[in-house]
Amino acid sequence: MPNSSLEQFAQDLHGEVQRRAGDNAASESLEDAFTEHVLELLSEHHESDGADVVPSIRWESRGSMPAAKLNAWALSGDGATLDLFVSLYHGTDKLPEVGLPDTSRQIKIAGGFLRRASEGFHGIIEEANPAYQAARQIHEAKDSLTTVRLFFLTDGIVRSLELEEEPFGELEVRYVVWDLDKLSRLHVGHREVIELDFVNDFGGAIPCLAIMDASKEYRTFLAFMPGTMLARIYGEHGQRLLERNVRAFLQAKGKVNKGLQQTLREEPNRFLAYNNGLCCTAAEVHLEKSKAGQLVLSSVKDFQIVNGGQTTASIYHALKKERMDVSGVVVQVKLTVLKDQAKVVEMVPLISRYANSQNKINAADFSANGPLHHQLEQLSRNVWAPAASGLERGTRWYYERARGSYLDDKARQGTPARRREWEKQNPPNQKFTKTDLAKFEHAWVGLPHLICLGAEKNFVKFAERMEEEGEPQVDQNYFHQVVAKAILWRTAEKLFDTLDLEGYRANSVAYAVAWMAERSGRRIDLNRIWNDQRLSPPLYEALKPVCNEAWEYLIHGEGNVGEASKKEECWEAFRKQEIKLGDGWKAELAAQPFVPPRSEEAAVAAEWEKLRHRFIANARTIKELEACTGKEWIRSRRRDSVGSYALLTWEQLRMRPGLGPKKIRVLVEMFAIAAQG
């Protein structure tokens with residue numbers, strides 16, 4: 001029995017790592033699964049973004065080459081900032097201590113990879129090496145790099161952090177440690193707020209004007225912040241300033257950011273006139289009067305940049321990398337302080353959406369809190385899965401929309417006996433997150449190459465698809481089907497573990513499940529899987545060789561397996577592979593494919609079936625149809641004949657790759673206009 005909340009957290013953490021890695025995983029695979037899990041936690045809390053996990057690999061020192069290790073890495077789009085990660089995973093519930101020598105050693109071997117990569121390490125390792133891409137890109141970016149963070153991740157407890165950060169040439173190098181104690185605080189609702197004392201820490205208070213909303217719901221301040229101060233604040237707090245920003249910094253590749261750099265370089269005194277400034281929020285502000293009687297901001301609590309992340313980072317990089325003089329730069333700041341902090345979740349996305357932004361924000365950026373996720377969460381708390389026998393109680397499949405809510409809900413049960421009972425009803429192996437949901441759905445619709453991008457990047461692609469195609473109707477049937485897809489995916493993971501295959505488990509499972517869904521015409525009986533809470537024996541046996549073939553295909557492909565599996569052409573080639581499975585599993589297929597309905601879909605489907613029969617013999621091309629209707633469709637399909645689409649039933653049309661609901665609606669509109677003419 002755990003005797004502390006930290007021991008309980010350790011047990012839950014190790015259970016999650018074991019689930020990810022598989023029952024028979026080697027220590028290296030457990031470390032990789034630990035790294036992946038922690039990176040998702042850090043990304044969720046904006047401590048690091050966009051990191052790629054690589055299979056744990058270490059090099060001993062040789063000659064002038066230092067010892068090195070790499071578990072994950074992230075390089076910003078403009079090549080200015082680099083994060084390198086090393087992990088030390090114990091996998092024990094005894095809360096092992098990590099002393100200063102071990103901590104120092106781990107940080108140094110992370111720095112060893114930085115040194116090797118900077119000196120051209122990619123030139124002496126094979127392209128198939130998991131670290132090749134990291135080494136090559138770091139070497140190519142060495143002239144643009146300004147800041148490197150060396151992360152040490154561990155499930156032990158680090159007792160001393162008295163490490164001196166050693167410089168690396170002109171680079172600013174920072175050390176970041178995440179141990180068990182620090183990770184345990186990354187629960188939902190537990191975030192360290194940013195407090196800024198402008199007077200004592202940043203050179204002086206900021207002039208401002210105050211405006212009170214007539215309803216007294218919020219206060220707004222219009223302030224003017226020196227560019228040097230903003231750069232210092234960003235340098236100290238980094239991406240944590242952008243926790244409530246709906247998108248990451250767009251980097252210096254976009255036209256707007258190049259314009260910002262040009263203004264900073266050539267006309268810094270006009271920056272205030274040209275730039276829209278920042279939209280920010282805070283929980284509290286402290287005001288003073290200057291000697292001249294002007295209102296000034298002396299400090300703020302829980303400061304966040306909701307809109308203007310690219311402005312902030314551009315000024316920082318101009319100062320750090322380009323060595324520009326930004327002393328004459330002034331940035332306009334609109335600071336909103338909500339009276340009721342409970343309304344932050346509601347108001348902040350709207351502030352960001354309606355702000356006069358300089359680059360287009362996709363609605364998909366807001367989707368993590370969209371209706372689909374809230375409705376799934378509600379259903380997962382109320383829908384009971386069928387019991388395996390009449391003597392057993394049912395269980396629930398817990399959808400963790402907000403990371404950490406599972407552990408928080410369990411902790412709120414109070415006594416140990418109640419927590420154990422709650423866990424029986426909500427087993428840890430039946431918890432799934434929004435990144436899991438994106439994996440299950442993308443495997444089902446035949447997009448495994450997106451899954452291979454990594455959990456967070458795949459979720460972004462999933463969110464973009466929901467924005468493009470519309471969210472499905474989330475009802476009890478949809479929830480049943482999502483759980484069935486989860487059972488299919490997790491059974492494939494367990495099967496993979498029995499095949500004595502080494503590495504690339506997630507990539508192989510993604511390809512295997514996608515191949516099965518594709519070959520079944522998406523008619524694997526999800527209702528049966530839900531009712532049985534397992535795969536049928538014929539389906540189970542059929543899935544096993546597909547997992548093996550997927551691994552064989554990926555491992556014997558050209559180049560780096562991890563990079564190749566992310567490419568659509570890699571999936572397209574495997575999709576066409578013939579794998580002998582027998583016909584037993586096919587006899588169980590459902591009569592209709594499992595494709596969840598979306599809003600307004602029934603009306604569009606009825607319109608299509610009414611119109612298409614008029615065009616079956618139509619020899620015109622899509623380009624000619626565009627010309628006579630005044631609408632534009634898909635450029636790559638302009639040579640297709642109108643009749644080739646008219647031959648398709650609604651279900652067949654929906655199954656065509658690249659045709660989401662929005663594109664299909666336009667096609668139906670074109671048919672309707674042409675029919676009237």
# chains A, B, ... in the order shown; residues from 1 in each chain; ligands from 1
$ select_by_dssp --residues "stretch 507-586 of chain A" --states "helix (DSSP H, G or I)" --output "ChimeraX atom specification"
/A:507-519,526-532,537-555,561-564,568-575,586
$ residues_around --residues "A:Arg381" --least-positions-apart "2" --cutoff "8 Å" --atoms "only C-alpha atoms" --output "PyMOL selection string"
chain A and resi 377-379+383+396-399
$ atom_distance --atom1 "atom CA of A:Glu632" --atom2 "atom CA of A:Val666"
8.3 Å
$ residues_around --residues "stretch 109-125 of chain A" --least-positions-apart "4" --cutoff "8 Å" --atoms "only C-alpha atoms" --output "list in words"
Met65, Pro66, Ala67, Ala68, Lys69, Leu70, Leu84, Phe85, Val86, Arg105, Asn129, Tyr132, Gln133, Ala134, Ala135, Arg136, Ile138, His139, Lys142, Leu150 and Phe151 of chain A
$ write_last_selection --atoms "N, CA, C and O atoms" --output "compact mmCIF listing (two decimals), in the first residue's frame"
# COMPACT_ATOMS: atom_id res chain seq x y z
N MET A 65 35.86 12.80 -28.76
CA MET A 65 34.40 12.82 -28.80
C MET A 65 33.84 12.47 -27.43
O MET A 65 34.15 11.41 -26.87
N PRO A 66 33.00 13.35 -26.85
CA PRO A 66 32.49 13.10 -25.50
C PRO A 66 31.41 12.04 -25.48
O PRO A 66 30.81 11.72 -26.52
N ALA A 67 31.15 11.48 -24.31
CA ALA A 67 30.02 10.57 -24.14
C ALA A 67 28.74 11.34 -24.46
O ALA A 67 28.64 12.55 -24.21
N ALA A 68 27.78 10.64 -25.04
CA ALA A 68 26.55 11.33 -25.46
C ALA A 68 25.36 10.39 -25.35
O ALA A 68 25.49 9.17 -25.41
N LYS A 69 24.20 11.00 -25.17
CA LYS A 69 22.95 10.24 -25.12
C LYS A 69 21.83 11.14 -25.61
O LYS A 69 21.88 12.37 -25.46
N LEU A 70 20.81 10.51 -26.19
CA LEU A 70 19.66 11.27 -26.67
C LEU A 70 18.41 10.42 -26.53
O LEU A 70 18.38 9.27 -26.93
N LEU A 84 17.13 19.42 -25.95
CA LEU A 84 17.63 18.05 -25.97
C LEU A 84 17.25 17.37 -24.66
O LEU A 84 17.38 17.97 -23.58
N PHE A 85 16.79 16.13 -24.75
CA PHE A 85 16.28 15.42 -23.59
C PHE A 85 17.05 14.12 -23.36
O PHE A 85 17.29 13.36 -24.30
N VAL A 86 17.40 13.86 -22.09
CA VAL A 86 17.90 12.54 -21.69
C VAL A 86 17.05 12.07 -20.51
O VAL A 86 16.59 12.88 -19.70
N ARG A 105 26.00 14.03 -14.47
CA ARG A 105 26.40 13.12 -15.55
C ARG A 105 25.37 13.11 -16.68
O ARG A 105 25.72 13.15 -17.87
N ASN A 129 20.19 5.39 -38.58
CA ASN A 129 20.34 5.59 -37.14
C ASN A 129 19.23 6.52 -36.64
O ASN A 129 18.98 7.57 -37.23
N TYR A 132 20.02 10.22 -36.49
CA TYR A 132 20.60 10.87 -37.67
C TYR A 132 19.93 12.22 -37.97
O TYR A 132 20.62 13.23 -38.18
N GLN A 133 18.60 12.23 -37.99
CA GLN A 133 17.88 13.47 -38.33
C GLN A 133 18.19 14.57 -37.33
O GLN A 133 18.38 15.74 -37.70
N ALA A 134 18.23 14.22 -36.04
CA ALA A 134 18.54 15.22 -35.01
C ALA A 134 19.95 15.77 -35.23
O ALA A 134 20.15 17.00 -35.22
N ALA A 135 20.91 14.89 -35.44
CA ALA A 135 22.30 15.33 -35.63
C ALA A 135 22.44 16.22 -36.86
O ALA A 135 23.11 17.26 -36.83
N ARG A 136 21.81 15.82 -37.96
CA ARG A 136 21.92 16.59 -39.20
C ARG A 136 21.29 17.98 -39.05
O ARG A 136 21.89 18.99 -39.43
N ILE A 138 20.60 19.71 -36.34
CA ILE A 138 21.33 20.56 -35.39
C ILE A 138 22.59 21.13 -36.05
O ILE A 138 22.91 22.31 -35.88
N HIS A 139 23.28 20.30 -36.82
CA HIS A 139 24.48 20.77 -37.50
C HIS A 139 24.14 21.87 -38.50
O HIS A 139 24.83 22.89 -38.60
N LYS A 142 23.46 25.22 -36.69
CA LYS A 142 24.42 25.67 -35.67
C LYS A 142 24.72 27.17 -35.76
O LYS A 142 25.01 27.80 -34.74
N LEU A 150 18.95 21.84 -22.00
CA LEU A 150 19.28 20.43 -21.78
C LEU A 150 18.37 19.90 -20.67
O LEU A 150 18.48 20.32 -19.52
N PHE A 151 17.45 18.99 -21.03
CA PHE A 151 16.47 18.46 -20.10
C PHE A 151 16.93 17.12 -19.54
O PHE A 151 17.37 16.24 -20.29
$ residues_around --residues "A:Val509" --least-positions-apart "4" --cutoff "12 Å" --atoms "only C-alpha atoms" --output "VMD selection string"
chain A and resid 439 to 440 443 to 444 448 to 449 451 to 452 488 to 497 501 503 to 505 513 to 516 543 to 552 554 565
$ select_by_dssp --residues "stretch 84-202 of chain A" --states "strand (DSSP E)" --output "list in words"
Leu84, Phe85, Val86, Ser87, Leu88, Glu97, Val98, Thr147, Val148, Arg149, Leu150, Phe151, Phe152, Leu153, Thr154, Ile157, Val158, Glu172, Val173, Arg174, Tyr175, Val176, Val177, Trp178, Glu195, Leu196 and Asp197 of chain A
$ write_last_selection --atoms "N, CA and C atoms" --output "PDB file, in the first residue's frame"
ATOM      1  N   LEU A  84      17.125  19.424 -25.947  1.00  0.00           N
ATOM      2  CA  LEU A  84      17.634  18.053 -25.969  1.00  0.00           C
ATOM      3  C   LEU A  84      17.247  17.369 -24.664  1.00  0.00           C
ATOM      4  N   PHE A  85      16.791  16.127 -24.753  1.00  0.00           N
ATOM      5  CA  PHE A  85      16.276  15.416 -23.586  1.00  0.00           C
ATOM      6  C   PHE A  85      17.054  14.117 -23.361  1.00  0.00           C
ATOM      7  N   VAL A  86      17.402  13.856 -22.093  1.00  0.00           N
ATOM      8  CA  VAL A  86      17.905  12.543 -21.688  1.00  0.00           C
ATOM      9  C   VAL A  86      17.055  12.066 -20.511  1.00  0.00           C
ATOM     10  N   SER A  87      16.834  10.755 -20.441  1.00  0.00           N
ATOM     11  CA  SER A  87      15.976  10.187 -19.401  1.00  0.00           C
ATOM     12  C   SER A  87      16.724   9.149 -18.586  1.00  0.00           C
ATOM     13  N   LEU A  88      16.353   9.076 -17.313  1.00  0.00           N
ATOM     14  CA  LEU A  88      16.839   8.022 -16.417  1.00  0.00           C
ATOM     15  C   LEU A  88      15.613   7.425 -15.746  1.00  0.00           C
ATOM     16  N   GLU A  97      16.412   7.978  -4.979  1.00  0.00           N
ATOM     17  CA  GLU A  97      17.026   9.306  -4.975  1.00  0.00           C
ATOM     18  C   GLU A  97      18.097   9.373  -6.067  1.00  0.00           C
ATOM     19  N   VAL A  98      18.179  10.534  -6.693  1.00  0.00           N
ATOM     20  CA  VAL A  98      19.196  10.779  -7.724  1.00  0.00           C
ATOM     21  C   VAL A  98      20.117  11.869  -7.192  1.00  0.00           C
ATOM     22  N   THR A 147      19.778  29.599 -28.301  1.00  0.00           N
ATOM     23  CA  THR A 147      19.467  29.064 -26.973  1.00  0.00           C
ATOM     24  C   THR A 147      19.309  27.549 -27.029  1.00  0.00           C
ATOM     25  N   VAL A 148      19.929  26.857 -26.072  1.00  0.00           N
ATOM     26  CA  VAL A 148      19.787  25.404 -25.950  1.00  0.00           C
ATOM     27  C   VAL A 148      19.357  25.079 -24.524  1.00  0.00           C
ATOM     28  N   ARG A 149      18.330  24.230 -24.408  1.00  0.00           N
ATOM     29  CA  ARG A 149      17.916  23.737 -23.095  1.00  0.00           C
ATOM     30  C   ARG A 149      18.216  22.237 -23.024  1.00  0.00           C
ATOM     31  N   LEU A 150      18.947  21.838 -21.998  1.00  0.00           N
ATOM     32  CA  LEU A 150      19.276  20.430 -21.780  1.00  0.00           C
ATOM     33  C   LEU A 150      18.366  19.905 -20.674  1.00  0.00           C
ATOM     34  N   PHE A 151      17.452  18.991 -21.035  1.00  0.00           N
ATOM     35  CA  PHE A 151      16.467  18.460 -20.099  1.00  0.00           C
ATOM     36  C   PHE A 151      16.929  17.119 -19.541  1.00  0.00           C
ATOM     37  N   PHE A 152      16.767  16.945 -18.239  1.00  0.00           N
ATOM     38  CA  PHE A 152      16.980  15.667 -17.587  1.00  0.00           C
ATOM     39  C   PHE A 152      15.640  15.211 -17.010  1.00  0.00           C
ATOM     40  N   LEU A 153      15.123  14.084 -17.503  1.00  0.00           N
ATOM     41  CA  LEU A 153      13.837  13.545 -17.067  1.00  0.00           C
ATOM     42  C   LEU A 153      14.080  12.269 -16.265  1.00  0.00           C
ATOM     43  N   THR A 154      13.451  12.146 -15.102  1.00  0.00           N
ATOM     44  CA  THR A 154      13.649  10.948 -14.299  1.00  0.00           C
ATOM     45  C   THR A 154      12.449  10.669 -13.413  1.00  0.00           C
ATOM     46  N   ILE A 157      13.950  11.001  -7.462  1.00  0.00           N
ATOM     47  CA  ILE A 157      13.834  12.303  -6.802  1.00  0.00           C
ATOM     48  C   ILE A 157      15.217  12.935  -6.747  1.00  0.00           C
ATOM     49  N   VAL A 158      15.352  14.066  -7.417  1.00  0.00           N
ATOM     50  CA  VAL A 158      16.631  14.778  -7.468  1.00  0.00           C
ATOM     51  C   VAL A 158      16.746  15.644  -6.217  1.00  0.00           C
ATOM     52  N   GLU A 172      23.454  30.385 -25.401  1.00  0.00           N
ATOM     53  CA  GLU A 172      22.909  30.454 -24.049  1.00  0.00           C
ATOM     54  C   GLU A 172      22.402  29.050 -23.705  1.00  0.00           C
ATOM     55  N   VAL A 173      23.011  28.404 -22.729  1.00  0.00           N
ATOM     56  CA  VAL A 173      22.670  27.031 -22.360  1.00  0.00           C
ATOM     57  C   VAL A 173      21.973  27.033 -21.002  1.00  0.00           C
ATOM     58  N   ARG A 174      20.823  26.339 -20.947  1.00  0.00           N
ATOM     59  CA  ARG A 174      20.082  26.237 -19.687  1.00  0.00           C
ATOM     60  C   ARG A 174      19.869  24.767 -19.348  1.00  0.00           C
ATOM     61  N   TYR A 175      19.860  24.467 -18.041  1.00  0.00           N
ATOM     62  CA  TYR A 175      19.592  23.116 -17.571  1.00  0.00           C
ATOM     63  C   TYR A 175      18.173  23.071 -17.001  1.00  0.00           C
ATOM     64  N   VAL A 176      17.453  22.032 -17.353  1.00  0.00           N
ATOM     65  CA  VAL A 176      16.080  21.863 -16.861  1.00  0.00           C
ATOM     66  C   VAL A 176      15.925  20.437 -16.347  1.00  0.00           C
ATOM     67  N   VAL A 177      15.499  20.281 -15.090  1.00  0.00           N
ATOM     68  CA  VAL A 177      15.327  18.963 -14.482  1.00  0.00           C
ATOM     69  C   VAL A 177      13.854  18.742 -14.154  1.00  0.00           C
ATOM     70  N   TRP A 178      13.328  17.591 -14.579  1.00  0.00           N
ATOM     71  CA  TRP A 178      11.973  17.172 -14.207  1.00  0.00           C
ATOM     72  C   TRP A 178      12.076  15.811 -13.538  1.00  0.00           C
ATOM     73  N   GLU A 195       4.552  35.633 -11.995  1.00  0.00           N
ATOM     74  CA  GLU A 195       4.403  36.926 -11.317  1.00  0.00           C
ATOM     75  C   GLU A 195       5.547  37.836 -11.757  1.00  0.00           C
ATOM     76  N   LEU A 196       5.202  39.016 -12.197  1.00  0.00           N
ATOM     77  CA  LEU A 196       6.197  39.971 -12.687  1.00  0.00           C
ATOM     78  C   LEU A 196       6.202  41.215 -11.795  1.00  0.00           C
ATOM     79  N   ASP A 197       7.350  41.493 -11.216  1.00  0.00           N
ATOM     80  CA  ASP A 197       7.531  42.705 -10.416  1.00  0.00           C
ATOM     81  C   ASP A 197       8.342  43.677 -11.269  1.00  0.00           C
TER      82      ASP A 197
END
$ residues_around --residues "A:Ala672" --least-positions-apart "5" --cutoff "9 Å" --atoms "only C-alpha atoms" --output "ChimeraX atom specification"
/A:607-608,611,667,677
$ atom_distance --atom1 "atom CA of A:Lys289" --atom2 "atom CA of A:Gly204"
12.4 Å
$ closest_residue --among "A:Ser314, A:Gln332, A:Gln294, A:Ser64" --to "A:Cys279" --atoms "only C-alpha atoms"
A:Gln332
$ closest_residue --among "A:Arg232, A:Arg401, A:Lys580, A:His14" --to "A:Val326" --atoms "only C-alpha atoms"
A:Arg232
$ closest_residue --among "A:Arg185, A:Glu140, A:Leu82, A:Pro371" --to "A:Leu6" --atoms "only C-alpha atoms"
A:Arg185
$ closest_atom_pairs --of "stretch 83-186 of chain A" --to "stretch 402-406 of chain A" --cutoff "12 Å" --atoms "only C-alpha atoms" --output "JSON lines"
{"residue": "A:Leu183", "atom": "CA", "partner": "A:Gly404", "partner_atom": "CA", "distance": 10.9}
{"residue": "A:Ser184", "atom": "CA", "partner": "A:Gly404", "partner_atom": "CA", "distance": 9.5}
{"residue": "A:Arg185", "atom": "CA", "partner": "A:Gly404", "partner_atom": "CA", "distance": 9.7}
{"residue": "A:Leu186", "atom": "CA", "partner": "A:Gly404", "partner_atom": "CA", "distance": 7.5}
$ residues_around --residues "A:Ala411" --least-positions-apart "5" --cutoff "10 Å" --atoms "only C-alpha atoms" --output "ChimeraX atom specification"
/A:5,8,405-406,416,418-419,422
$ atom_distance --atom1 "atom CA of A:Gln533" --atom2 "atom CA of A:Thr498"
20.3 Å
